[in-house]
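Novice: So here's coords.tsv (TSV, C-alpha atoms and all ligand atoms).
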```
chain	number	residue	atom	x	y	z
B	1	GLU	CA	108.23	112.99	107.48
B	2	MET	CA	105.40	115.53	107.28
B	3	THR	CA	103.34	115.93	104.12
B	4	ARG	CA	102.38	119.57	103.61
B	5	VAL	CA	98.85	120.36	102.43
B	6	TRP	CA	97.98	123.52	100.51
B	7	HIS	CA	94.41	124.50	99.62
B	8	VAL	CA	94.00	126.48	96.41
B	9	HIS	CA	91.11	127.62	94.23
B	10	PRO	CA	90.73	125.22	91.27
B	11	GLU	CA	90.32	127.99	88.66
B	12	GLN	CA	92.50	130.76	90.18
B	13	PRO	CA	95.12	128.97	92.26
B	14	ASP	CA	97.32	131.06	94.56
B	15	ARG	CA	100.52	131.59	92.58
B	16	ALA	CA	102.77	131.72	95.65
B	17	VAL	CA	101.69	128.20	96.60
B	18	LEU	CA	102.50	126.81	93.17
B	19	VAL	CA	105.88	128.61	93.11
B	20	GLU	CA	106.74	126.91	96.41
B	21	ALA	CA	105.47	123.53	95.14
B	22	ALA	CA	107.54	123.95	91.96
B	23	ARG	CA	110.63	124.65	94.05
B	24	ILE	CA	110.17	121.34	95.89
B	25	LEU	CA	109.80	119.57	92.54
B	26	ARG	CA	112.96	121.16	91.10
B	27	ARG	CA	114.88	119.90	94.14
B	28	GLY	CA	113.79	116.35	93.36
B	29	GLY	CA	110.78	116.20	95.71
B	30	LEU	CA	107.34	114.65	95.27
B	31	VAL	CA	104.20	116.81	95.07
B	32	ALA	CA	100.67	115.51	94.44
B	33	PHE	CA	98.44	117.80	92.39
B	34	PRO	CA	95.02	117.71	90.70
B	35	THR	CA	94.48	117.11	87.00
B	36	GLU	CA	91.09	117.00	85.29
B	37	THR	CA	91.12	113.18	85.60
B	38	VAL	CA	92.58	112.20	89.00
B	39	TYR	CA	95.28	113.50	91.34
B	40	GLY	CA	98.81	112.81	90.10
B	41	LEU	CA	102.03	112.29	92.06
B	42	GLY	CA	104.48	114.65	90.36
B	43	ALA	CA	108.27	114.52	90.07
B	44	ASP	CA	110.82	116.14	87.75
B	45	ALA	CA	110.70	113.88	84.67
B	46	THR	CA	114.32	114.76	83.76
B	47	SER	CA	115.71	113.55	87.11
B	48	SER	CA	116.32	109.83	87.63
B	49	ARG	CA	116.50	110.28	91.38
B	50	ALA	CA	113.19	112.15	91.52
B	51	VAL	CA	111.44	109.57	89.33
B	52	GLN	CA	112.80	106.71	91.44
B	53	GLY	CA	111.17	108.44	94.40
B	54	ILE	CA	107.75	107.99	92.78
B	55	PHE	CA	108.21	104.23	92.51
B	56	ARG	CA	109.32	104.07	96.15
B	57	ALA	CA	106.48	106.21	97.53
B	58	LYS	CA	103.75	104.30	95.66
B	59	GLY	CA	105.24	100.83	96.01
B	60	ARG	CA	104.92	100.73	92.23
B	61	PRO	CA	106.19	97.67	90.32
B	62	PRO	CA	109.45	98.72	88.59
B	63	ASP	CA	108.20	97.59	85.16
B	64	ASN	CA	105.17	99.94	85.02
B	65	PRO	CA	106.16	103.12	83.12
B	66	LEU	CA	104.94	106.65	83.90
B	67	ILE	CA	103.09	109.36	82.00
B	68	VAL	CA	105.08	112.57	81.45
B	69	HIS	CA	102.98	115.75	81.73
B	70	PHE	CA	103.72	118.85	79.67
B	71	ALA	CA	102.27	122.36	80.02
B	72	GLY	CA	101.35	122.60	76.33
B	73	ALA	CA	101.49	120.73	73.02
B	74	ARG	CA	104.06	123.28	71.82
B	75	ASP	CA	106.55	121.63	74.21
B	76	LEU	CA	106.28	118.47	72.06
B	77	PRO	CA	107.27	119.72	68.60
B	78	SER	CA	108.11	116.34	67.06
B	79	LEU	CA	105.02	114.24	67.69
B	80	PRO	CA	104.22	111.76	64.91
B	81	PRO	CA	101.54	113.11	62.47
B	82	ALA	CA	98.73	111.10	64.06
B	83	GLY	CA	99.80	112.49	67.44
B	84	GLY	CA	99.64	116.02	66.12
B	85	ARG	CA	96.06	115.47	64.99
B	86	LEU	CA	94.98	113.94	68.32
B	87	ALA	CA	96.77	116.70	70.23
B	88	ALA	CA	95.00	119.38	68.19
B	89	ALA	CA	91.64	117.73	68.88
B	90	PHE	CA	91.97	116.74	72.56
B	91	TRP	CA	94.80	118.63	74.32
B	92	PRO	CA	94.71	119.95	76.91
B	93	GLY	CA	92.60	117.00	78.01
B	94	PRO	CA	92.33	113.41	79.27
B	95	LEU	CA	94.35	111.76	76.49
B	96	THR	CA	97.81	110.16	76.77
B	97	LEU	CA	99.91	109.35	73.70
B	98	VAL	CA	102.57	106.64	73.62
B	99	VAL	CA	105.25	107.84	71.21
B	100	PRO	CA	108.91	107.02	70.42
B	101	ARG	CA	111.16	108.35	73.19
B	102	MET	CA	113.07	110.56	70.78
B	103	SER	CA	109.94	112.58	69.95
B	104	ALA	CA	109.56	113.72	73.57
B	105	ARG	CA	112.28	115.75	75.26
B	106	ALA	CA	112.38	118.53	77.84
B	107	GLY	CA	113.95	121.28	75.76
B	108	ASP	CA	117.59	120.25	75.43
B	109	THR	CA	117.35	117.80	78.31
B	110	ALA	CA	116.46	114.13	77.91
B	111	LEU	CA	113.72	112.54	79.99
B	112	ALA	CA	114.97	110.22	82.73
B	113	PRO	CA	115.10	106.61	81.44
B	114	GLU	CA	113.10	105.51	84.51
B	115	VAL	CA	109.88	107.09	83.15
B	116	SER	CA	109.92	104.45	80.38
B	117	CYS	CA	111.10	101.45	82.43
B	118	GLY	CA	113.50	100.43	79.67
B	119	LEU	CA	110.99	100.72	76.80
B	120	ASP	CA	111.96	102.84	73.77
B	121	THR	CA	108.60	104.61	74.03
B	122	VAL	CA	107.22	107.24	76.39
B	123	ALA	CA	103.69	108.22	77.38
B	124	VAL	CA	102.96	111.97	77.20
B	125	ARG	CA	99.99	114.15	77.98
B	126	VAL	CA	98.90	117.78	78.46
B	127	PRO	CA	96.43	117.94	81.37
B	128	ASP	CA	93.47	120.33	81.39
B	129	HIS	CA	93.62	121.84	84.87
B	130	PRO	CA	94.88	125.32	85.82
B	131	VAL	CA	96.76	123.94	88.85
B	132	ALA	CA	98.53	121.25	86.82
B	133	ARG	CA	99.38	123.62	83.98
B	134	THR	CA	100.71	126.39	86.23
B	135	LEU	CA	102.69	123.93	88.35
B	136	ILE	CA	104.42	122.44	85.29
B	137	GLU	CA	105.17	125.94	83.95
B	138	GLN	CA	106.62	127.03	87.27
B	139	ALA	CA	108.70	123.87	87.61
B	140	GLY	CA	110.19	124.54	84.17
B	141	VAL	CA	110.44	120.81	83.48
B	142	PRO	CA	107.86	118.21	82.45
B	143	LEU	CA	106.45	116.22	85.37
B	144	ALA	CA	106.27	112.45	85.56
B	145	ALA	CA	102.98	111.77	87.36
B	146	PRO	CA	101.21	108.49	87.98
B	147	SER	CA	97.95	108.54	89.87
B	148	ALA	CA	98.73	109.56	93.47
B	149	ASN	CA	97.62	106.34	95.17
B	150	LEU	CA	99.46	103.41	96.70
B	151	SER	CA	100.00	100.88	93.93
B	152	GLY	CA	96.93	98.68	93.52
B	153	ARG	CA	94.48	101.07	95.21
B	154	PRO	CA	91.81	103.15	93.43
B	155	SER	CA	93.13	106.40	91.94
B	156	PRO	CA	92.54	109.48	94.13
B	157	THR	CA	89.91	112.00	93.06
B	158	THR	CA	90.37	114.18	96.17
B	159	ALA	CA	93.36	115.33	98.23
B	160	ASP	CA	91.95	113.31	101.16
B	161	HIS	CA	92.28	110.14	99.07
B	162	VAL	CA	95.91	111.08	98.36
B	163	LEU	CA	96.61	111.54	102.07
B	164	ALA	CA	94.84	108.32	103.01
B	165	ASP	CA	97.41	106.46	100.88
B	166	LEU	CA	100.55	108.63	100.89
B	167	ASP	CA	100.59	110.86	104.00
B	168	GLY	CA	104.18	110.94	105.29
B	169	ARG	CA	105.53	109.37	102.10
B	170	ILE	CA	105.46	112.49	99.88
B	171	ASP	CA	106.49	116.13	100.39
B	172	ALA	CA	103.22	117.92	99.68
B	173	VAL	CA	99.77	117.87	98.13
B	174	VAL	CA	97.98	120.74	96.41
B	175	ASP	CA	94.28	120.43	97.28
B	176	ALA	CA	91.99	122.04	94.70
B	177	GLY	CA	88.88	119.98	95.45
B	178	PRO	CA	87.51	116.92	93.65
B	179	THR	CA	88.56	116.18	90.07
B	180	ARG	CA	86.11	116.54	87.18
B	181	VAL	CA	86.48	113.37	85.08
B	182	GLY	CA	87.13	110.92	87.92
B	183	LEU	CA	88.76	108.18	85.79
B	184	GLU	CA	92.25	108.31	84.28
B	185	SER	CA	93.21	109.50	80.82
B	186	THR	CA	92.74	107.40	77.70
B	187	VAL	CA	96.07	105.86	76.60
B	188	VAL	CA	96.68	105.43	72.85
B	189	ASP	CA	99.77	103.74	71.39
B	190	LEU	CA	100.96	105.61	68.28
B	191	THR	CA	104.06	103.47	67.77
B	192	VAL	CA	101.95	100.77	66.10
B	193	ASP	CA	99.81	100.85	62.98
B	194	PRO	CA	96.86	101.10	63.28
B	195	PRO	CA	96.89	103.15	66.53
B	196	ALA	CA	95.90	101.03	69.52
B	197	LEU	CA	93.73	101.97	72.50
B	198	LEU	CA	95.69	100.63	75.51
B	199	ARG	CA	93.50	102.05	78.28
B	200	PRO	CA	89.99	103.50	77.85
B	201	GLY	CA	89.48	106.73	79.78
B	202	GLY	CA	88.34	110.33	79.67
B	203	ILE	CA	88.29	110.50	75.84
B	204	SER	CA	86.01	107.82	74.41
B	205	LEU	CA	86.90	105.41	71.60
B	206	GLU	CA	84.13	107.01	69.52
B	207	GLU	CA	85.74	110.43	69.92
B	208	LEU	CA	89.19	109.05	69.00
B	209	ARG	CA	87.81	107.41	65.88
B	210	ARG	CA	86.34	110.69	64.71
B	211	VAL	CA	89.97	111.84	64.33
B	212	LEU	CA	91.75	108.50	63.64
B	213	PRO	CA	89.06	106.15	62.26
B	214	ARG	CA	91.37	103.09	62.24
B	215	THR	CA	92.04	103.16	65.99
B	216	CYS	CA	91.74	99.60	67.31
B	217	VAL	CA	91.33	98.19	70.81
B	218	ALA	CA	94.49	96.45	72.07
B	219	GLU	CA	93.78	92.90	73.22
B	220	PRO	CA	95.35	92.69	76.69
B	221	ALA	CA	95.57	88.91	76.50
B	222	SER	CA	97.32	88.62	73.12
B	223	GLY	CA	101.12	88.64	72.94
B	224	PRO	CA	103.51	90.54	75.20
B	225	ALA	CA	101.77	93.31	77.11
B	226	ARG	CA	102.31	96.63	75.34
B	227	SER	CA	101.22	98.61	78.36
B	228	PRO	CA	103.06	96.79	81.12
B	229	GLY	CA	100.85	98.27	83.82
B	230	ILE	CA	97.90	96.36	82.44
B	231	ARG	CA	99.29	93.12	83.90
B	232	HIS	CA	99.11	94.39	87.46
B	233	ARG	CA	96.05	94.36	89.66
B	234	HIS	CA	94.51	97.81	89.79
B	235	TYR	CA	91.93	100.14	91.21
B	236	ALA	CA	91.05	97.70	93.94
B	237	PRO	CA	89.56	98.40	97.35
B	238	ARG	CA	90.50	96.17	100.31
B	239	ALA	CA	87.16	94.39	100.44
B	240	ARG	CA	86.29	91.74	97.91
B	241	LEU	CA	84.55	93.29	94.90
B	242	VAL	CA	81.78	91.39	93.14
B	243	LEU	CA	80.27	92.68	89.90
B	244	VAL	CA	76.49	92.38	89.66
B	245	GLU	CA	73.99	93.18	86.93
B	246	GLY	CA	71.54	95.99	87.46
B	247	ALA	CA	69.89	96.52	84.09
B	248	ASP	CA	67.85	93.33	84.11
B	249	ARG	CA	64.30	93.62	85.46
B	250	ASN	CA	64.97	90.68	87.82
B	251	ALA	CA	67.94	92.49	89.32
B	252	PRO	CA	66.29	93.51	92.64
B	253	ALA	CA	65.12	89.98	93.45
B	254	GLU	CA	68.47	88.43	92.51
B	255	LEU	CA	70.40	91.00	94.51
B	256	LYS	CA	68.24	90.41	97.58
B	257	ARG	CA	68.95	86.68	97.34
B	258	LEU	CA	72.69	87.26	96.95
B	259	VAL	CA	72.80	89.66	99.91
B	260	ARG	CA	70.89	87.20	102.11
B	261	ARG	CA	73.29	84.38	101.18
B	262	LEU	CA	76.42	86.45	101.88
B	263	ARG	CA	75.11	87.80	105.18
B	264	GLY	CA	74.03	84.31	106.13
B	265	ALA	CA	77.68	83.29	105.70
B	266	GLY	CA	78.63	85.94	108.28
B	267	LEU	CA	79.91	88.53	105.81
B	268	ARG	CA	79.29	92.27	105.99
B	269	VAL	CA	77.92	93.41	102.64
B	270	GLY	CA	78.21	96.84	101.02
B	271	ALA	CA	76.73	97.82	97.67
B	272	LEU	CA	77.51	100.49	95.10
B	273	LEU	CA	74.52	100.70	92.76
B	274	THR	CA	72.87	103.12	90.36
B	275	ALA	CA	70.11	105.29	91.77
B	276	ASP	CA	67.05	103.14	91.00
B	277	LEU	CA	68.51	100.03	92.64
B	278	ALA	CA	70.15	101.94	95.50
B	279	ARG	CA	66.66	103.10	96.57
B	280	ILE	CA	65.39	99.55	97.10
B	281	ASP	CA	65.88	97.84	100.47
B	282	LEU	CA	68.14	94.91	99.59
B	283	GLY	CA	69.08	94.07	103.16
B	284	ALA	CA	72.74	95.06	102.74
B	285	ASP	CA	74.77	96.61	105.58
B	286	LEU	CA	75.50	99.70	103.50
B	287	VAL	CA	74.32	100.98	100.13
B	288	LYS	CA	75.73	103.90	98.15
B	289	SER	CA	74.31	105.36	94.96
B	290	MET	CA	76.47	105.78	91.84
B	291	GLY	CA	73.96	108.22	90.37
B	292	SER	CA	71.75	107.71	87.38
B	293	ARG	CA	72.49	104.85	84.97
B	294	THR	CA	71.80	107.26	82.11
B	295	ASP	CA	74.60	109.68	83.11
B	296	LEU	CA	77.82	107.73	82.57
B	297	GLU	CA	79.99	110.83	83.01
B	298	ALA	CA	78.61	111.35	86.52
B	299	VAL	CA	79.01	107.65	87.35
B	300	ALA	CA	82.69	107.89	86.28
B	301	THR	CA	83.26	111.05	88.33
B	302	GLY	CA	82.07	109.42	91.55
B	303	LEU	CA	83.22	105.84	91.02
B	304	TYR	CA	86.52	105.81	92.93
B	305	ALA	CA	85.18	107.93	95.79
B	306	GLY	CA	82.24	105.53	96.06
B	307	LEU	CA	84.52	102.49	96.14
B	308	ARG	CA	86.69	104.06	98.83
B	309	ALA	CA	83.67	105.11	100.91
B	310	VAL	CA	82.07	101.66	100.93
B	311	ASP	CA	85.46	100.07	101.56
B	312	GLU	CA	86.14	102.34	104.56
B	313	ALA	CA	82.91	101.16	106.17
B	314	GLY	CA	84.77	97.89	106.76
B	315	VAL	CA	82.57	95.56	104.73
B	316	ASP	CA	83.85	92.17	103.57
B	317	VAL	CA	82.20	92.20	100.16
B	318	ILE	CA	81.21	95.07	97.89
B	319	LEU	CA	78.55	94.40	95.27
B	320	VAL	CA	79.08	96.80	92.37
B	321	GLU	CA	76.79	97.26	89.43
B	322	GLY	CA	78.98	96.55	86.42
B	323	ASP	CA	76.79	96.05	83.35
B	324	PHE	CA	77.15	99.53	81.85
B	325	PRO	CA	76.89	99.98	78.09
B	326	VAL	CA	80.21	99.71	76.21
B	327	THR	CA	79.85	103.23	74.78
B	328	GLY	CA	81.32	106.60	75.79
B	329	MET	CA	82.59	106.54	79.38
B	330	GLY	CA	80.89	103.16	79.85
B	331	ARG	CA	83.91	101.42	78.31
B	332	ALA	CA	86.31	102.97	80.87
B	333	ILE	CA	83.95	102.31	83.81
B	334	ARG	CA	83.64	98.64	82.84
B	335	ASP	CA	87.42	98.36	82.36
B	336	ARG	CA	88.21	99.69	85.85
B	337	LEU	CA	85.55	97.58	87.55
B	338	ALA	CA	86.72	94.43	85.78
B	339	ARG	CA	90.30	95.04	86.95
B	340	ALA	CA	89.25	95.82	90.51
B	341	ALA	CA	87.11	92.71	90.68
B	342	GLU	CA	89.85	90.21	89.89
B	343	ALA	CA	89.94	87.66	92.67
B	344	LEU	CA	92.26	88.51	95.55
B	345	PRO	CA	94.82	85.98	96.75
B	346	GLY	CA	93.53	84.10	99.77
B	347	LEU	CA	89.88	84.66	98.94
B	348	PRO	CA	87.55	82.15	97.30
B	349	PRO	CA	87.08	82.54	93.55
B	350	ARG	CA	84.23	84.79	92.48
B	351	SER	CA	82.08	81.95	91.18
B	352	GLY	CA	82.07	80.55	94.72
B	353	VAL	CA	79.84	83.32	96.05
R	1	LIG	O1	94.77	110.51	84.00
R	1	LIG	C1	95.90	110.02	84.10
R	1	LIG	O2	96.48	109.47	83.15
R	1	LIG	C2	96.60	110.14	85.45
R	1	LIG	C3	96.85	111.61	85.72
R	1	LIG	C4	97.64	111.82	86.99
R	1	LIG	O3	97.52	112.19	84.62
R	1	LIG	N1	97.80	109.37	85.47
R	1	LIG	C5	97.80	108.00	85.48
R	1	LIG	O4	99.05	107.43	85.52
R	1	LIG	O5	96.78	107.35	85.43
R	1	LIG	P1	99.29	105.90	85.90
R	1	LIG	O6	100.75	105.76	86.09
R	1	LIG	O7	98.43	105.52	87.03
R	1	LIG	O8	98.90	105.13	84.59
R	1	LIG	C6	99.75	105.19	83.45
R	1	LIG	C7	99.36	104.15	82.45
R	1	LIG	C8	99.74	102.77	82.91
R	1	LIG	O9	98.75	101.83	82.47
R	1	LIG	C9	101.06	102.54	82.18
R	1	LIG	O10	101.37	101.18	81.99
R	1	LIG	C10	100.81	103.25	80.87
R	1	LIG	O11	100.08	104.40	81.23
R	1	LIG	N2	102.07	103.65	80.22
R	1	LIG	C11	102.96	104.56	80.64
R	1	LIG	N3	104.02	104.63	79.81
R	1	LIG	C12	103.79	103.74	78.83
R	1	LIG	C13	104.52	103.32	77.67
R	1	LIG	N4	105.70	103.85	77.36
R	1	LIG	N5	103.97	102.36	76.89
R	1	LIG	C14	102.78	101.82	77.20
R	1	LIG	N6	102.05	102.17	78.27
R	1	LIG	C15	102.54	103.10	79.08
R	2	MG	MG	97.48	104.49	88.43
```
Mind converting the file's structure to structure tokens?

Specialist:
Amino acid sequence: EMTRVWHVHPEQPDRAVLVEAARILRRGGLVAFPTETVYGLGADATSSRAVQGIFRAKGRPPDNPLIVHFAGARDLPSLPPAGGRLAAAFWPGPLTLVVPRMSARAGDTALAPEVSCGLDTVAVRVPDHPVARTLIEQAGVPLAAPSANLSGRPSPTTADHVLADLDGRIDAVVDAGPTRVGLESTVVDLTVDPPALLRPGGISLEELRRVLPRTCVAEPASGPARSPGIRHRHYAPRARLVLVEGADRNAPAELKRLVRRLRGAGLRVGALLTADLARIDLGADLVKSMGSRTDLEAVATGLYAGLRAVDEAGVDVILVEGDFPVTGMGRAIRDRLARAAEALPGLPPRSGV
């Protein structure tokens, strides 16, 4: 099976391309497209068969529900009051709301049960990207769209990342260049009181609390997982990922020692570090800069591309600076790195390095 690739301008996409992409979607096909966060793998959210195709193409665990994307908030007339306030403040934008299933429909048509994996809730969002918006409008149905990566891999921020994972497994990809935010949307559960942050992302907790001051942070460890996807390993490159501290003034000396030890054990070592540390010769096989420590937005934008690039160099271990402040985008960056760094089966535990 061939995956078609269309290149479009991110601000003024060629309409004919999106009409053709929408036709594939209406027939139950799978089309990857850019949003402001990451590339999504779209399917008609009202078609069980189409949605099942997403799970197959990604190798996605069947208990991890999908986000349904709408062209505008007006397509979701019965959001709960708190949802209406968040929508007014942040849509279109990188925010996903978990709401009762009955408050989200596609006109007179129900959403496919598969988007919710048996839960009585559904995750909805209105993306802020001309390609995404026009594609949903042209399809005439909301689009279920997880990140367009193989399950367990970092989310794609370019069409090349999508193809690296899914070429031959999906019908088409609309390439509109790299995405702006670089990390996924913030997920907020509005079916509980107070509202709970399930996944930090493009809208910060501080911003959410300006609208809903009682928003709390869901404890992933406590009780049954409310966001089932949180149980699965995520965002991980193939190489072993080790989080290191970069803020401390002893960081360069400690990193040099760690690199020497790992290389002495016969391992190829890559490093993804903020600019000041990336400039120092640490003796690693490959070093990539994450940009300035003081610009968390830029670090987020380049994070997944950086992980993929170091990983593709074929290193055994990737040292990644992980001690970012827990404010703004820092919370989401730390969350993704912590998930990616969980020990892989068959590898020694992290403390062993
Ligand atoms: O930025 C994004 O959100 C991207 C772009 C493509 O929109 N999409 C994305 O989708 O990241 P995905 O499938 O990779 O992540 C969806 C997250 C998962 O953690 C999933 O468990 C959670 O949303 N989720 C979906 N439906 C849910 C529900 N009904 N209740 C709780 N969590 C839900
Ligand atoms: Mg994902």

Novice: Could I get the residues of range 321-344 of chain B with an atom no further than 8 Å from an atom of range 201-221 of chain B, each paired with its nearest atom pair and that distance in Å to one decimal, using only C-alpha atoms, sorted by chain and residue number, as CSV?

Specialist:
```
residue,atom,partner,partner_atom,distance
B:Thr327,CA,B:Ser204,CA,7.7
B:Gly328,CA,B:Ser204,CA,5.0
B:Met329,CA,B:Ser204,CA,6.2
B:Arg331,CA,B:Ser204,CA,7.8
B:Ala332,CA,B:Gly201,CA,5.0
```

Novice: So the first atom is atom P1 of ligand LIG 1 (chain R) and the second is CA of Ala88 in chain B; what is the distance between them in Å, to one decimal place?

Specialist: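 If I compute the distance from atom P1 of ligand LIG 1 (chain R) to CA of Ala88 in chain B, I get 22.7 Å.
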
Novice: Looking at all atoms listed in the file, which of B:His129, B:Arg263, B:His69, B:Arg85 is the one that sits closest to ligand LIG 1 (chain R)?

Specialist: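 Ranked by minimum distance to ligand LIG 1 (chain R), first place goes to B:His69.
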
Novice: Under the rule of at most 8 Å, produce a per-residue listing of chain B near ligand MG 2 (chain R): chain, number, name, the closest pair of atoms, and the distance in Å, as a tab-separated table, using only C-alpha atoms and all ligand atoms.

Specialist:
```
residue	atom	partner	partner_atom	distance
B:Pro146	CA	R:MG2	MG	5.5
B:Ser147	CA	R:MG2	MG	4.3
B:Ala148	CA	R:MG2	MG	7.3
B:Asn149	CA	R:MG2	MG	7.0
B:Ser151	CA	R:MG2	MG	7.0
B:Gly152	CA	R:MG2	MG	7.7
B:Pro154	CA	R:MG2	MG	7.7
B:Ser155	CA	R:MG2	MG	5.9
B:Glu184	CA	R:MG2	MG	7.7
B:His234	CA	R:MG2	MG	7.4
B:Tyr235	CA	R:MG2	MG	7.6
```

Novice: Hey, which of B:Thr186, B:Gly107, B:Ala57, B:Pro62 ends up closest to ligand LIG 1 (chain R)? Count all atoms listed in the file.

Specialist: B:Thr186

Novice: If we count all atoms listed in the file and set the cut-off at 12 Å, which residues sit around His161 in chain B, ignoring sequence neighbours fewer than 6 positions away in its own chain? Please answer as a list of chain:residue names.

Specialist: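 My list of contacting residues is B:Ala32, B:Phe33, B:Pro34, B:Val38, B:Tyr39, B:Gly40, B:Ser147, B:Ala148, B:Asn149, B:Leu150, B:Arg153, B:Pro154, B:Ser155, B:Asp167, B:Val173, B:Asp175, B:Gly177, B:Pro178, B:Thr179, B:Tyr304, B:Ala305, B:Gly306, B:Leu307, B:Arg308, B:Ala309, B:Glu312.
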
Novice: Could you pull the residues within 9 Å of Arg27 in chain B, counting only C-alpha atoms, minus those fewer than 3 positions along the same chain, as a list of chain:residue names?

Specialist: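 That gives B:Ala22, B:Arg23, B:Ile24, B:Asp44, B:Ala50.
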
Novice: Create the file for the chosen residues now, containing C-alpha atoms and written as a PDB file, in the coordinates of the input.

Specialist:
```
ATOM      1  CA  ALA B  22     107.540 123.950  91.960  1.00  0.00           C
ATOM      2  CA  ARG B  23     110.630 124.650  94.050  1.00  0.00           C
ATOM      3  CA  ILE B  24     110.170 121.340  95.890  1.00  0.00           C
ATOM      4  CA  ASP B  44     110.820 116.140  87.750  1.00  0.00           C
ATOM      5  CA  ALA B  50     113.190 112.150  91.520  1.00  0.00           C
TER       6      ALA B  50
END
```

Novice: What's the separation between CA of Ala123 in chain B and CA of Ala341 in chain B, in Å to one decimal place?

Specialist: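 Separating CA of Ala123 in chain B from CA of Ala341 in chain B is a distance of 26.3 Å.
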
Novice: Expressed in Å to a single decimal, how great is the separation between CA of Phe324 in chain B and CA of Thr274 in chain B?

Specialist: 10.2 Å

Novice: Which chains and residue numbers are within 8 Å of ligand LIG 1 (chain R), counting only C-alpha atoms and all ligand atoms, if I want them as a VMD selection string?

Specialist: chain B and resid 34 to 41 64 to 67 69 94 to 96 98 to 99 115 to 117 119 to 125 127 145 to 148 155 183 to 187 189 198 to 199 201 to 202 226 to 230
